[in-house]
Amino acid sequence: MEKGIRVAVDAMGGDFAPGNEIEGAVLALNSNSSLKIVLVGNKSEIESKLRTFNNSYTNIEIVNSTEVITMSDSPTEAFKSKPDSSLNVSLELMKRNEVDAIVSAGNTGAVLTHSVLKLGRINGVGRPTIGSLFPTQRRMTMVFDVGASVDCKPVHLVEYAKMGSIFFEHVFKIPNPKIGLLNVGEEDSKGNDLTIETNGLLKSSGLNFIGNIEGRDVLKGDVDIIVCDGFVGNVILKFAEGVLDLLKAKFKEFASTSVLNKIRMGMAYGTLKNIMKDFDYQEYGGVPLLGVNGVVIIGHGKSSPLALKNMIIRAVNVVQNEVNLKIKNAFSLNKQNKENQ
């Protein structure tokens, strides 16, 4: 890791805050002690939890905040009524350039709303996007968008493809990633007005667009990036989480039917664990919010310490690879090209 990278952790965001957030920060520091962590939240509560760890971490700073945004809070109302929330204070640190990135497992809508209002969008970006990693038959695929905007225009889907391509190429080191448009058929003429027009725009975008893909193709791994509106993407994400829960339940049910089946499951445990690891959100941490003037990683509300650790590591990777700068440059160049036409 590059020395001096500073990550703010919204210590009061998430279902198990601040315990999981603090333990996740400690795990991240154990993996590389050059990292600087700023825990934002109730100072006395954070200090109390931090004392349960044996080691003394000089590269952890605590910034006090007096308010907490809950999962049930309205994002826009919380922005107005809770200016001293741990989320808002974390974003304020970034705005003042006192941290390089923030991670939060809090209210996703609030993280999105606060980030846009506090940091602003990158010039040329109409809609920020959230992308999520999916395991496939080959290598990981990212879906953009998975819930930042449930309604969008074709130009926004093209923006998702551009930002997603930059993220994927520079974080995962896969040049010229393949892009597919999620649709109800492979033919260019299939779909609704949104996907038909988007298909044409992506063809002329200069991106590595291979065409439409269907729902059955999501887990094949034929493309690196899948583009869709946030309504569809969020349904896919939640469905995938449900499939994982179903598989776990079925394995447990099978083992409970007989002693022999329990032995069979025990013998296959190591193999199944390795396979299921690819589906474990904890391994990937959080998802990037692309298109805002700052590095923001959003995590699941139930994020474990391991997930929080990997969120922090993901944030560091995004900072190191200057993803935001590359997005800014790409959109600036795109604007210049339009003006010259």
# chains A, B, ... in the order shown; residues from 1 in each chain; ligands from 1
$ closest_atom_pairs --of "segment 96-161 of chain A" --to "segment 282-306 of chain A" --cutoff "10 Å" --atoms "only C-alpha atoms" --output "Markdown table"
| residue | atom | partner | partner_atom | distance |
| --- | --- | --- | --- | --- |
| A:Asn97 | CA | A:Gly294 | CA | 9.5 |
| A:Val99 | CA | A:Val295 | CA | 9.6 |
| A:Asp100 | CA | A:Val295 | CA | 6.9 |
| A:Ala101 | CA | A:Val295 | CA | 4.7 |
| A:Ile102 | CA | A:Val296 | CA | 5.2 |
| A:Val103 | CA | A:Ile297 | CA | 4.7 |
| A:Ser104 | CA | A:Ile298 | CA | 5.2 |
| A:Ala105 | CA | A:Gly299 | CA | 4.2 |
| A:Gly106 | CA | A:Gly301 | CA | 5.7 |
| A:Asn107 | CA | A:Gly301 | CA | 7.2 |
| A:Thr108 | CA | A:Ile298 | CA | 6.9 |
| A:Val111 | CA | A:Ile298 | CA | 7.4 |
| A:Leu112 | CA | A:Leu289 | CA | 7.6 |
| A:Ser115 | CA | A:Val292 | CA | 6.9 |
| A:Val116 | CA | A:Val292 | CA | 6.2 |
| A:Leu117 | CA | A:Val292 | CA | 9.4 |
| A:Lys118 | CA | A:Asn293 | CA | 9.1 |
| A:Leu119 | CA | A:Asn293 | CA | 5.4 |
| A:Gly120 | CA | A:Val292 | CA | 5.8 |
| A:Arg121 | CA | A:Val292 | CA | 4.2 |
| A:Ile122 | CA | A:Val292 | CA | 5.3 |
| A:Asn123 | CA | A:Gly291 | CA | 8.6 |
| A:Gly124 | CA | A:Gly291 | CA | 9.0 |
| A:Val125 | CA | A:Gly291 | CA | 6.1 |
| A:Gly126 | CA | A:Gly291 | CA | 8.3 |
| A:Arg127 | CA | A:Gly291 | CA | 7.0 |
| A:Pro128 | CA | A:Gly291 | CA | 4.4 |
| A:Thr129 | CA | A:Leu290 | CA | 5.3 |
| A:Ile130 | CA | A:Leu289 | CA | 4.7 |
| A:Gly131 | CA | A:Val287 | CA | 5.8 |
| A:Ser132 | CA | A:Val287 | CA | 5.5 |
| A:Leu133 | CA | A:Tyr284 | CA | 7.4 |
| A:Phe134 | CA | A:Tyr284 | CA | 9.6 |
| A:Met142 | CA | A:Val287 | CA | 9.7 |
| A:Phe144 | CA | A:Leu290 | CA | 9.9 |
| A:Asp145 | CA | A:Leu289 | CA | 9.8 |
| A:Val146 | CA | A:Val287 | CA | 9.5 |
| A:Ala148 | CA | A:Leu289 | CA | 8.4 |
| A:Glu159 | CA | A:Gly291 | CA | 8.9 |
| A:Tyr160 | CA | A:Leu290 | CA | 8.4 |
$ write_last_selection --atoms "N, CA, C and O atoms" --output "compact mmCIF listing (two decimals), in the first residue's frame"
# COMPACT_ATOMS: atom_id res chain seq x y z
N ASN A 97 -10.34 17.64 2.30
CA ASN A 97 -9.11 16.93 1.91
C ASN A 97 -8.32 16.43 3.11
O ASN A 97 -7.09 16.30 3.06
N VAL A 99 -9.12 13.43 4.47
CA VAL A 99 -9.05 11.98 4.22
C VAL A 99 -9.11 11.77 2.71
O VAL A 99 -9.56 12.64 1.96
N ASP A 100 -8.65 10.60 2.27
CA ASP A 100 -8.64 10.29 0.84
C ASP A 100 -9.84 9.46 0.40
O ASP A 100 -10.13 9.37 -0.80
N ALA A 101 -10.51 8.82 1.35
CA ALA A 101 -11.66 7.98 1.03
C ALA A 101 -12.50 7.78 2.27
O ALA A 101 -12.02 7.98 3.39
N ILE A 102 -13.75 7.41 2.07
CA ILE A 102 -14.60 7.03 3.21
C ILE A 102 -15.29 5.71 2.90
O ILE A 102 -15.54 5.38 1.73
N VAL A 103 -15.58 4.94 3.95
CA VAL A 103 -16.36 3.72 3.81
C VAL A 103 -17.53 3.79 4.79
O VAL A 103 -17.39 4.32 5.90
N SER A 104 -18.67 3.27 4.36
CA SER A 104 -19.84 3.29 5.22
C SER A 104 -20.72 2.08 4.94
O SER A 104 -20.98 1.74 3.78
N ALA A 105 -21.17 1.43 6.00
CA ALA A 105 -22.13 0.33 5.89
C ALA A 105 -23.50 0.80 6.36
O ALA A 105 -24.36 -0.01 6.71
N GLY A 106 -23.69 2.10 6.35
CA GLY A 106 -24.94 2.68 6.81
C GLY A 106 -26.01 2.71 5.73
O GLY A 106 -25.91 2.03 4.70
N ASN A 107 -27.03 3.51 5.96
CA ASN A 107 -28.16 3.69 5.05
C ASN A 107 -27.66 4.04 3.64
O ASN A 107 -27.11 5.10 3.40
N THR A 108 -27.86 3.11 2.67
CA THR A 108 -27.31 3.29 1.33
C THR A 108 -27.85 4.54 0.66
O THR A 108 -27.10 5.30 0.03
N VAL A 111 -26.08 7.50 2.13
CA VAL A 111 -24.70 7.63 1.64
C VAL A 111 -24.69 8.23 0.25
O VAL A 111 -23.90 9.14 -0.05
N LEU A 112 -25.58 7.76 -0.62
CA LEU A 112 -25.66 8.28 -1.98
C LEU A 112 -26.07 9.75 -1.98
O LEU A 112 -25.40 10.59 -2.59
N SER A 115 -23.42 12.04 -0.33
CA SER A 115 -22.20 12.14 -1.14
C SER A 115 -22.40 13.11 -2.30
O SER A 115 -21.52 13.93 -2.60
N VAL A 116 -23.55 13.01 -2.96
CA VAL A 116 -23.83 13.91 -4.10
C VAL A 116 -23.97 15.35 -3.62
O VAL A 116 -23.39 16.27 -4.21
N LEU A 117 -24.71 15.55 -2.54
CA LEU A 117 -24.95 16.92 -2.05
C LEU A 117 -23.70 17.53 -1.42
O LEU A 117 -23.45 18.73 -1.56
N LYS A 118 -22.92 16.72 -0.72
CA LYS A 118 -21.75 17.23 -0.02
C LYS A 118 -20.54 17.36 -0.94
O LYS A 118 -19.82 18.37 -0.90
N LEU A 119 -20.30 16.37 -1.79
CA LEU A 119 -19.09 16.35 -2.62
C LEU A 119 -19.33 16.85 -4.03
O LEU A 119 -18.41 17.35 -4.68
N GLY A 120 -20.56 16.72 -4.50
CA GLY A 120 -20.88 17.10 -5.88
C GLY A 120 -20.49 16.02 -6.87
O GLY A 120 -19.71 15.12 -6.56
N ARG A 121 -21.06 16.10 -8.06
CA ARG A 121 -20.75 15.14 -9.11
C ARG A 121 -19.52 15.57 -9.90
O ARG A 121 -19.23 16.77 -10.01
N ILE A 122 -18.83 14.60 -10.44
CA ILE A 122 -17.73 14.88 -11.37
C ILE A 122 -18.31 15.59 -12.58
O ILE A 122 -19.38 15.22 -13.09
N ASN A 123 -17.63 16.62 -13.05
CA ASN A 123 -18.11 17.40 -14.18
C ASN A 123 -18.37 16.51 -15.39
O ASN A 123 -17.50 15.78 -15.84
N GLY A 124 -19.61 16.57 -15.89
CA GLY A 124 -19.98 15.76 -17.05
C GLY A 124 -20.76 14.51 -16.70
O GLY A 124 -21.35 13.88 -17.58
N VAL A 125 -20.79 14.16 -15.42
CA VAL A 125 -21.54 12.98 -14.97
C VAL A 125 -22.96 13.40 -14.59
O VAL A 125 -23.15 14.22 -13.71
N GLY A 126 -23.94 12.80 -15.26
CA GLY A 126 -25.33 13.13 -14.96
C GLY A 126 -25.86 12.38 -13.77
O GLY A 126 -26.60 12.92 -12.95
N ARG A 127 -25.47 11.10 -13.65
CA ARG A 127 -25.93 10.26 -12.54
C ARG A 127 -24.77 9.42 -12.01
O ARG A 127 -24.17 8.65 -12.77
N PRO A 128 -24.44 9.53 -10.74
CA PRO A 128 -23.48 8.59 -10.14
C PRO A 128 -24.04 7.18 -10.19
O PRO A 128 -25.26 6.98 -10.32
N THR A 129 -23.19 6.18 -10.05
CA THR A 129 -23.63 4.80 -10.12
C THR A 129 -22.95 3.93 -9.07
O THR A 129 -21.82 4.21 -8.66
N ILE A 130 -23.65 2.90 -8.65
CA ILE A 130 -23.12 1.91 -7.72
C ILE A 130 -22.96 0.60 -8.48
O ILE A 130 -23.89 0.14 -9.14
N GLY A 131 -21.79 0.01 -8.39
CA GLY A 131 -21.54 -1.26 -9.06
C GLY A 131 -21.28 -2.37 -8.06
O GLY A 131 -20.72 -2.15 -6.99
N SER A 132 -21.72 -3.58 -8.40
CA SER A 132 -21.52 -4.72 -7.51
C SER A 132 -20.86 -5.88 -8.26
O SER A 132 -21.14 -6.11 -9.44
N LEU A 133 -19.99 -6.61 -7.55
CA LEU A 133 -19.29 -7.76 -8.13
C LEU A 133 -20.16 -9.01 -8.05
O LEU A 133 -20.81 -9.26 -7.04
N PHE A 134 -20.14 -9.79 -9.13
CA PHE A 134 -20.85 -11.07 -9.19
C PHE A 134 -19.88 -12.16 -9.59
O PHE A 134 -19.11 -12.00 -10.54
N MET A 142 -18.92 -7.20 -13.04
CA MET A 142 -19.53 -6.11 -12.28
C MET A 142 -20.80 -5.64 -12.96
O MET A 142 -20.85 -5.53 -14.19
N PHE A 144 -23.49 -2.56 -13.21
CA PHE A 144 -23.77 -1.15 -12.96
C PHE A 144 -25.10 -0.80 -13.65
O PHE A 144 -25.24 -1.07 -14.82
N ASP A 145 -26.10 -0.37 -12.99
CA ASP A 145 -26.19 0.15 -11.66
C ASP A 145 -26.97 -0.84 -10.80
O ASP A 145 -27.82 -1.56 -11.32
N VAL A 146 -26.71 -0.88 -9.49
CA VAL A 146 -27.45 -1.80 -8.62
C VAL A 146 -28.28 -1.06 -7.58
O VAL A 146 -28.58 -1.60 -6.52
N ALA A 148 -28.43 2.93 -7.43
CA ALA A 148 -28.25 4.37 -7.23
C ALA A 148 -29.41 5.16 -7.84
O ALA A 148 -29.88 6.13 -7.27
N GLU A 159 -22.92 6.42 -19.42
CA GLU A 159 -22.02 6.92 -18.38
C GLU A 159 -21.62 5.79 -17.43
O GLU A 159 -20.44 5.69 -17.05
N TYR A 160 -22.58 4.96 -17.05
CA TYR A 160 -22.26 3.82 -16.17
C TYR A 160 -21.21 2.92 -16.81
O TYR A 160 -20.28 2.45 -16.16
$ residues_around --residues "segment 5-7 of chain A" --least-positions-apart "6" --cutoff "9 Å" --atoms "only C-alpha atoms" --output "PyMOL selection string"
chain A and resi 34-39+98-103+312+315-316+319-320
$ atom_distance --atom1 "atom CA of Asn88 of chain A" --atom2 "atom CA of Gly230 of chain A"
24.1 Å
$ closest_residue --among "A:Leu247, A:Leu91, A:Val143, A:Val155" --to "His114 of chain A" --atoms "only C-alpha atoms"
A:Leu91
$ select_by_dssp --residues "segment 133-332 of chain A" --states "strand (DSSP E)" --output "compact mmCIF listing (two decimals) with N, CA, C and O atoms, in the first residue's frame"
# COMPACT_ATOMS: atom_id res chain seq x y z
N LEU A 133 -19.99 -6.61 -7.55
CA LEU A 133 -19.29 -7.76 -8.13
C LEU A 133 -20.16 -9.01 -8.05
O LEU A 133 -20.81 -9.26 -7.04
N PHE A 134 -20.14 -9.79 -9.13
CA PHE A 134 -20.85 -11.07 -9.19
C PHE A 134 -19.88 -12.16 -9.59
O PHE A 134 -19.11 -12.00 -10.54
N THR A 141 -17.62 -10.48 -12.60
CA THR A 141 -18.33 -9.53 -13.44
C THR A 141 -18.89 -8.44 -12.54
O THR A 141 -19.29 -8.71 -11.42
N MET A 142 -18.92 -7.20 -13.04
CA MET A 142 -19.53 -6.11 -12.28
C MET A 142 -20.80 -5.64 -12.96
O MET A 142 -20.85 -5.53 -14.19
N VAL A 143 -21.83 -5.39 -12.16
CA VAL A 143 -23.10 -4.88 -12.67
C VAL A 143 -23.25 -3.43 -12.24
O VAL A 143 -23.13 -3.11 -11.06
N PHE A 144 -23.49 -2.56 -13.21
CA PHE A 144 -23.77 -1.15 -12.96
C PHE A 144 -25.10 -0.80 -13.65
O PHE A 144 -25.24 -1.07 -14.82
N ILE A 179 -18.12 -5.11 -22.34
CA ILE A 179 -19.35 -4.55 -21.78
C ILE A 179 -20.56 -5.16 -22.46
O ILE A 179 -20.61 -5.26 -23.69
N GLY A 180 -21.54 -5.56 -21.66
CA GLY A 180 -22.79 -6.07 -22.18
C GLY A 180 -23.96 -5.28 -21.63
O GLY A 180 -23.93 -4.81 -20.50
N LEU A 181 -25.01 -5.14 -22.44
CA LEU A 181 -26.22 -4.43 -22.02
C LEU A 181 -27.28 -5.46 -21.67
O LEU A 181 -27.65 -6.28 -22.52
N LEU A 182 -27.76 -5.45 -20.43
CA LEU A 182 -28.76 -6.42 -20.00
C LEU A 182 -30.09 -6.13 -20.69
O LEU A 182 -30.60 -5.01 -20.63
N PHE A 209 -17.97 -2.68 -26.41
CA PHE A 209 -19.35 -3.14 -26.25
C PHE A 209 -19.60 -4.33 -27.16
O PHE A 209 -19.43 -4.23 -28.38
N ILE A 210 -20.00 -5.47 -26.57
CA ILE A 210 -20.20 -6.67 -27.38
C ILE A 210 -21.66 -6.93 -27.70
O ILE A 210 -21.99 -7.88 -28.41
N GLY A 211 -22.58 -6.09 -27.19
CA GLY A 211 -23.99 -6.22 -27.51
C GLY A 211 -24.85 -6.56 -26.31
O GLY A 211 -24.42 -6.50 -25.16
N ASN A 212 -26.10 -6.94 -26.60
CA ASN A 212 -27.04 -7.29 -25.55
C ASN A 212 -26.72 -8.65 -24.94
O ASN A 212 -26.23 -9.55 -25.64
N ILE A 213 -26.99 -8.79 -23.66
CA ILE A 213 -26.95 -10.11 -23.01
C ILE A 213 -28.26 -10.30 -22.26
O ILE A 213 -28.95 -9.32 -21.92
N ILE A 225 -18.40 -6.26 -17.64
CA ILE A 225 -19.30 -5.25 -17.08
C ILE A 225 -20.68 -5.43 -17.70
O ILE A 225 -20.81 -5.55 -18.92
N ILE A 226 -21.70 -5.44 -16.86
CA ILE A 226 -23.08 -5.51 -17.31
C ILE A 226 -23.75 -4.20 -16.94
O ILE A 226 -23.67 -3.75 -15.79
N VAL A 227 -24.42 -3.59 -17.91
CA VAL A 227 -25.06 -2.30 -17.69
C VAL A 227 -26.57 -2.47 -17.69
O VAL A 227 -27.14 -3.15 -18.55
N VAL A 287 -19.22 -1.78 -2.33
CA VAL A 287 -19.32 -1.42 -3.75
C VAL A 287 -18.94 0.05 -3.92
O VAL A 287 -19.19 0.88 -3.05
N PRO A 288 -18.32 0.40 -5.04
CA PRO A 288 -17.91 1.78 -5.25
C PRO A 288 -19.07 2.66 -5.71
O PRO A 288 -19.92 2.23 -6.50
N LEU A 289 -19.10 3.87 -5.21
CA LEU A 289 -20.01 4.89 -5.73
C LEU A 289 -19.20 5.74 -6.70
O LEU A 289 -18.33 6.52 -6.27
N LEU A 290 -19.44 5.58 -7.98
CA LEU A 290 -18.65 6.28 -9.00
C LEU A 290 -19.41 7.48 -9.54
O LEU A 290 -20.63 7.43 -9.72
N VAL A 295 -13.76 9.41 -3.13
CA VAL A 295 -13.81 7.94 -3.12
C VAL A 295 -14.74 7.51 -1.99
O VAL A 295 -14.45 7.73 -0.82
N VAL A 296 -15.86 6.88 -2.38
CA VAL A 296 -16.86 6.43 -1.41
C VAL A 296 -17.15 4.96 -1.67
O VAL A 296 -17.49 4.57 -2.78
N ILE A 297 -17.00 4.13 -0.63
CA ILE A 297 -17.30 2.71 -0.72
C ILE A 297 -18.47 2.41 0.20
O ILE A 297 -18.45 2.74 1.39
N ILE A 298 -19.50 1.78 -0.35
CA ILE A 298 -20.73 1.50 0.38
C ILE A 298 -20.82 0.01 0.69
O ILE A 298 -20.61 -0.83 -0.20
$ select_by_dssp --residues "segment 87-282 of chain A" --states "alpha helix (DSSP H)" --output "PyMOL selection string"
chain A and resi 87-95+108-119+154-171+193-203+230-256+259-277
